[in-house]
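Here the structure is laid out as structure tokens; the discussion comes afterwards.
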Amino acid sequence: MTVPADRPLLLVDVDGVLALFNLDGGEPAGMWHMIEGFAYYLTSGGPSLLHEAAEHFELVWCTGWEDRANDHLPRLAGTPGPLPVIKFARNPGRANAHWKLDEIAAYAGDRPVAWIDDALDANCDAWAAERTARGVPTLLVRTDPSRGFLPAHLEELVAFAGGLVVAD
Ligand SMILES: [Mg+2]
């Protein structure tokens with residue numbers, strides 16, 4: 001028989017993954033919501049995909065939304081939750097990702113990690129490559145902020161998690 005290794009983490013960004021922007025009129029199904037005075041377009045497909053991902057991963061919010069993800073997204077969009085939240089020392093509120101790396105590294109340690117985000121940069125690639133070189137499975141999944149989390153991303157995630165299953 002086979003037994004799963006420790007369930008990998010899935011770090012989940014919100015803006016550009018579940019809350020879309022730069023919409024071009026061809027966006028996936030979803031709805032506009034007013035959240036704390038701002039309008040957000042939340043996909044309806046992304047939350048379903050997250051529920052499927054939760055069968056393979058331990059989900060963690062990894063977003064400038066921090067606790068606000070749990071405050072709003074399970075109720076408004078039907079995401080899994082409440083989920084653990086990575087807290088960031090600084091949140092510049094702009095579309096770069098390396099500001100998350102220190103806290104992610106501290107949170108994840110040497111656990112296998114997949115990270116889905118619309119704003120991964122060369123620093124993230126270097127972080128993932130360094131972990132991979134040490135034998136720590138690491139997957140970066142990039143989304144288009146006008147499309148968000150799509151079925152092809154879930155397939156990639158499930159294949160990654162499946163590759164961690166070890167023979168007993
Ligand atoms: Mg984002």
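Ligands are numbered from 1 in the order shown, chains are lettered A, B, ... in the order of the structure tokens, and residues start at 1 in each chain.
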Exercise. Grab me every residue within 10 Å of ligand 1, counting only C-alpha atoms and all ligand atoms, and send it over as number ranges by chain.
Key: A: 12-21, 62-65, 93-97, 116-120, 142-145, 148
Quiz item: Using only C-alpha atoms, which residues sit within 12 Å of Leu140 (chain A) once same-chain residues fewer than 4 positions away are excluded, as a PyMOL selection string?
Solution: chain A and resi 9-13+97+112-129+131-132+153+156-157+160
Kindly save the residues from that selection, with N, CA and C atoms included, as a PDB file, in the first residue's frame.
ATOM      1  N   LEU A   9       2.081  21.825   2.300  1.00  0.00           N
ATOM      2  CA  LEU A   9       1.370  23.094   2.459  1.00  0.00           C
ATOM      3  C   LEU A   9       0.980  23.628   1.084  1.00  0.00           C
ATOM      4  N   LEU A  10      -0.174  24.264   1.017  1.00  0.00           N
ATOM      5  CA  LEU A  10      -0.518  25.081  -0.153  1.00  0.00           C
ATOM      6  C   LEU A  10      -0.741  26.499   0.337  1.00  0.00           C
ATOM      7  N   LEU A  11       0.151  27.385  -0.062  1.00  0.00           N
ATOM      8  CA  LEU A  11       0.070  28.801   0.297  1.00  0.00           C
ATOM      9  C   LEU A  11      -0.815  29.495  -0.729  1.00  0.00           C
ATOM     10  N   VAL A  12      -1.858  30.152  -0.249  1.00  0.00           N
ATOM     11  CA  VAL A  12      -2.890  30.678  -1.146  1.00  0.00           C
ATOM     12  C   VAL A  12      -2.933  32.201  -1.069  1.00  0.00           C
ATOM     13  N   ASP A  13      -2.558  32.840  -2.169  1.00  0.00           N
ATOM     14  CA  ASP A  13      -2.727  34.279  -2.315  1.00  0.00           C
ATOM     15  C   ASP A  13      -4.193  34.567  -2.635  1.00  0.00           C
ATOM     16  N   ALA A  97       6.096  40.160  -4.811  1.00  0.00           N
ATOM     17  CA  ALA A  97       5.886  39.001  -3.958  1.00  0.00           C
ATOM     18  C   ALA A  97       7.026  38.765  -2.995  1.00  0.00           C
ATOM     19  N   PRO A 112       7.335  20.295   2.440  1.00  0.00           N
ATOM     20  CA  PRO A 112       6.982  20.525   1.034  1.00  0.00           C
ATOM     21  C   PRO A 112       5.937  21.635   0.919  1.00  0.00           C
ATOM     22  N   VAL A 113       6.122  22.483  -0.077  1.00  0.00           N
ATOM     23  CA  VAL A 113       5.275  23.661  -0.237  1.00  0.00           C
ATOM     24  C   VAL A 113       4.906  23.859  -1.701  1.00  0.00           C
ATOM     25  N   ALA A 114       3.637  24.143  -1.924  1.00  0.00           N
ATOM     26  CA  ALA A 114       3.208  24.741  -3.189  1.00  0.00           C
ATOM     27  C   ALA A 114       2.662  26.121  -2.863  1.00  0.00           C
ATOM     28  N   TRP A 115       2.873  27.045  -3.779  1.00  0.00           N
ATOM     29  CA  TRP A 115       2.486  28.441  -3.534  1.00  0.00           C
ATOM     30  C   TRP A 115       1.824  28.962  -4.798  1.00  0.00           C
ATOM     31  N   ILE A 116       0.563  29.351  -4.675  1.00  0.00           N
ATOM     32  CA  ILE A 116      -0.163  29.897  -5.823  1.00  0.00           C
ATOM     33  C   ILE A 116      -0.352  31.392  -5.622  1.00  0.00           C
ATOM     34  N   ASP A 117       0.101  32.174  -6.623  1.00  0.00           N
ATOM     35  CA  ASP A 117       0.175  33.631  -6.477  1.00  0.00           C
ATOM     36  C   ASP A 117       0.249  34.233  -7.871  1.00  0.00           C
ATOM     37  N   ASP A 118      -0.228  35.458  -8.000  1.00  0.00           N
ATOM     38  CA  ASP A 118      -0.160  36.137  -9.298  1.00  0.00           C
ATOM     39  C   ASP A 118       1.081  37.019  -9.422  1.00  0.00           C
ATOM     40  N   ALA A 119       1.855  37.140  -8.354  1.00  0.00           N
ATOM     41  CA  ALA A 119       2.949  38.122  -8.367  1.00  0.00           C
ATOM     42  C   ALA A 119       4.265  37.501  -7.915  1.00  0.00           C
ATOM     43  N   LEU A 120       4.554  36.315  -8.417  1.00  0.00           N
ATOM     44  CA  LEU A 120       5.822  35.663  -8.095  1.00  0.00           C
ATOM     45  C   LEU A 120       6.921  36.275  -8.947  1.00  0.00           C
ATOM     46  N   ASP A 121       8.066  36.532  -8.334  1.00  0.00           N
ATOM     47  CA  ASP A 121       9.147  37.178  -9.074  1.00  0.00           C
ATOM     48  C   ASP A 121      10.411  36.325  -9.025  1.00  0.00           C
ATOM     49  N   ALA A 122      11.504  36.895  -9.511  1.00  0.00           N
ATOM     50  CA  ALA A 122      12.758  36.135  -9.589  1.00  0.00           C
ATOM     51  C   ALA A 122      13.253  35.723  -8.206  1.00  0.00           C
ATOM     52  N   ASN A 123      12.935  36.526  -7.181  1.00  0.00           N
ATOM     53  CA  ASN A 123      13.318  36.144  -5.815  1.00  0.00           C
ATOM     54  C   ASN A 123      12.606  34.866  -5.387  1.00  0.00           C
ATOM     55  N   CYS A 124      11.379  34.750  -5.791  1.00  0.00           N
ATOM     56  CA  CYS A 124      10.604  33.556  -5.456  1.00  0.00           C
ATOM     57  C   CYS A 124      11.167  32.343  -6.196  1.00  0.00           C
ATOM     58  N   ASP A 125      11.503  32.549  -7.468  1.00  0.00           N
ATOM     59  CA  ASP A 125      12.104  31.455  -8.240  1.00  0.00           C
ATOM     60  C   ASP A 125      13.400  30.985  -7.580  1.00  0.00           C
ATOM     61  N   ALA A 126      14.211  31.933  -7.115  1.00  0.00           N
ATOM     62  CA  ALA A 126      15.480  31.574  -6.481  1.00  0.00           C
ATOM     63  C   ALA A 126      15.238  30.818  -5.178  1.00  0.00           C
ATOM     64  N   TRP A 127      14.236  31.259  -4.416  1.00  0.00           N
ATOM     65  CA  TRP A 127      13.880  30.574  -3.164  1.00  0.00           C
ATOM     66  C   TRP A 127      13.445  29.134  -3.444  1.00  0.00           C
ATOM     67  N   ALA A 128      12.587  28.977  -4.448  1.00  0.00           N
ATOM     68  CA  ALA A 128      12.097  27.644  -4.783  1.00  0.00           C
ATOM     69  C   ALA A 128      13.232  26.755  -5.289  1.00  0.00           C
ATOM     70  N   ALA A 129      14.113  27.332  -6.094  1.00  0.00           N
ATOM     71  CA  ALA A 129      15.222  26.548  -6.646  1.00  0.00           C
ATOM     72  C   ALA A 129      16.173  26.098  -5.543  1.00  0.00           C
ATOM     73  N   ARG A 131      15.402  25.551  -2.361  1.00  0.00           N
ATOM     74  CA  ARG A 131      14.751  24.460  -1.621  1.00  0.00           C
ATOM     75  C   ARG A 131      14.789  23.160  -2.418  1.00  0.00           C
ATOM     76  N   THR A 132      14.470  23.263  -3.688  1.00  0.00           N
ATOM     77  CA  THR A 132      14.454  22.066  -4.532  1.00  0.00           C
ATOM     78  C   THR A 132      15.832  21.419  -4.567  1.00  0.00           C
ATOM     79  N   HIS A 153      -4.390  24.788 -13.023  1.00  0.00           N
ATOM     80  CA  HIS A 153      -3.535  24.970 -11.844  1.00  0.00           C
ATOM     81  C   HIS A 153      -3.764  23.850 -10.833  1.00  0.00           C
ATOM     82  N   GLU A 156      -1.951  20.780 -11.852  1.00  0.00           N
ATOM     83  CA  GLU A 156      -0.523  20.892 -11.562  1.00  0.00           C
ATOM     84  C   GLU A 156      -0.265  20.615 -10.081  1.00  0.00           C
ATOM     85  N   LEU A 157      -1.143  21.159  -9.233  1.00  0.00           N
ATOM     86  CA  LEU A 157      -0.991  20.972  -7.787  1.00  0.00           C
ATOM     87  C   LEU A 157      -1.190  19.507  -7.390  1.00  0.00           C
ATOM     88  N   PHE A 160       1.762  17.468  -8.297  1.00  0.00           N
ATOM     89  CA  PHE A 160       2.866  17.724  -7.354  1.00  0.00           C
ATOM     90  C   PHE A 160       2.642  16.934  -6.069  1.00  0.00           C
TER      91      PHE A 160
END
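Computed from the coordinates, the CA of Gly46 (chain A) to CA of Leu101 (chain A) distance equals 23.6 Å.
Interatomic distance, CA of Gly30 (chain A) to CA of Trp99 (chain A): 28.6 Å.
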Practice problem: Step one, run DSSP on the backbone; step two, keep only residues of chain A assigned to strand (DSSP E or B); then write them as a PyMOL selection string. | Solution: chain A and resi 2-3+9-12+15+19-20+30-35+38-43+58-61+85+113-117+138-142+166-167
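Counting only C-alpha atoms, the residue from A:Val158, A:Ala54, A:Ala133, A:Ala77 that sits nearest to Tyr41 (chain A) is A:Ala77.
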Quiz prompt | Nearby residues (only C-alpha atoms) at most 12 Å from Arg75 (chain A), same-chain spacing under 4 positions excluded, as a PyMOL selection string | solution = chain A and resi 33+35+42+47+68-71+79-82
Using C-alpha atoms, can you export the residues from the last selection as a JSON list (two decimals), in the first residue's frame?
[["chain", "number", "residue", "atom", "x", "y", "z"],
["A", 33, "HIS", "CA", -18.72, 42.13, -3.64],
["A", 35, "ILE", "CA", -15.70, 44.34, 1.18],
["A", 42, "LEU", "CA", -14.53, 37.03, -6.51],
["A", 47, "PRO", "CA", -13.21, 28.35, -4.17],
["A", 68, "ARG", "CA", -9.47, 39.43, 6.51],
["A", 69, "ALA", "CA", -9.33, 36.38, 4.22],
["A", 70, "ASN", "CA", -11.02, 34.32, 6.93],
["A", 71, "ASP", "CA", -13.33, 37.20, 7.83],
["A", 79, "THR", "CA", -13.77, 29.07, 0.23],
["A", 80, "PRO", "CA", -12.55, 26.56, 2.79],
["A", 81, "GLY", "CA", -11.90, 28.16, 6.13],
["A", 82, "PRO", "CA", -11.13, 29.44, 8.55]]
Quiz prompt | Top pick for closest residue to Leu23 (chain A), considering A:Tyr40, A:Gly45, A:Gly78, A:Leu154 and counting only C-alpha atoms | solution = A:Tyr40
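Ranking A:Leu76, A:Lys87, A:Glu103, A:Leu139 by their shortest atom-to-atom distance to Ala161 (chain A), with only C-alpha atoms included, puts A:Leu139 first.
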Quiz item: Taking only C-alpha atoms into account, which of A:Ala89, A:Met34, A:Leu73, A:Ala53 comes nearest Phe149 (chain A)?
Solution: A:Ala53
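Between CA of Ala159 (chain A) and CA of Glu27 (chain A) the separation is 25.8 Å.
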Practice problem: Go through A:Gly135, A:Pro84, A:Pro28, A:Pro151 and flag the residue nearest Leu50 (chain A), using only C-alpha atoms for the distances. | Solution: A:Pro151
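The residue that comes closest to Asp110 (chain A), out of A:Thr43, A:Ser48, A:Thr138, A:Asn22 and on the basis of only C-alpha atoms, is A:Thr138.
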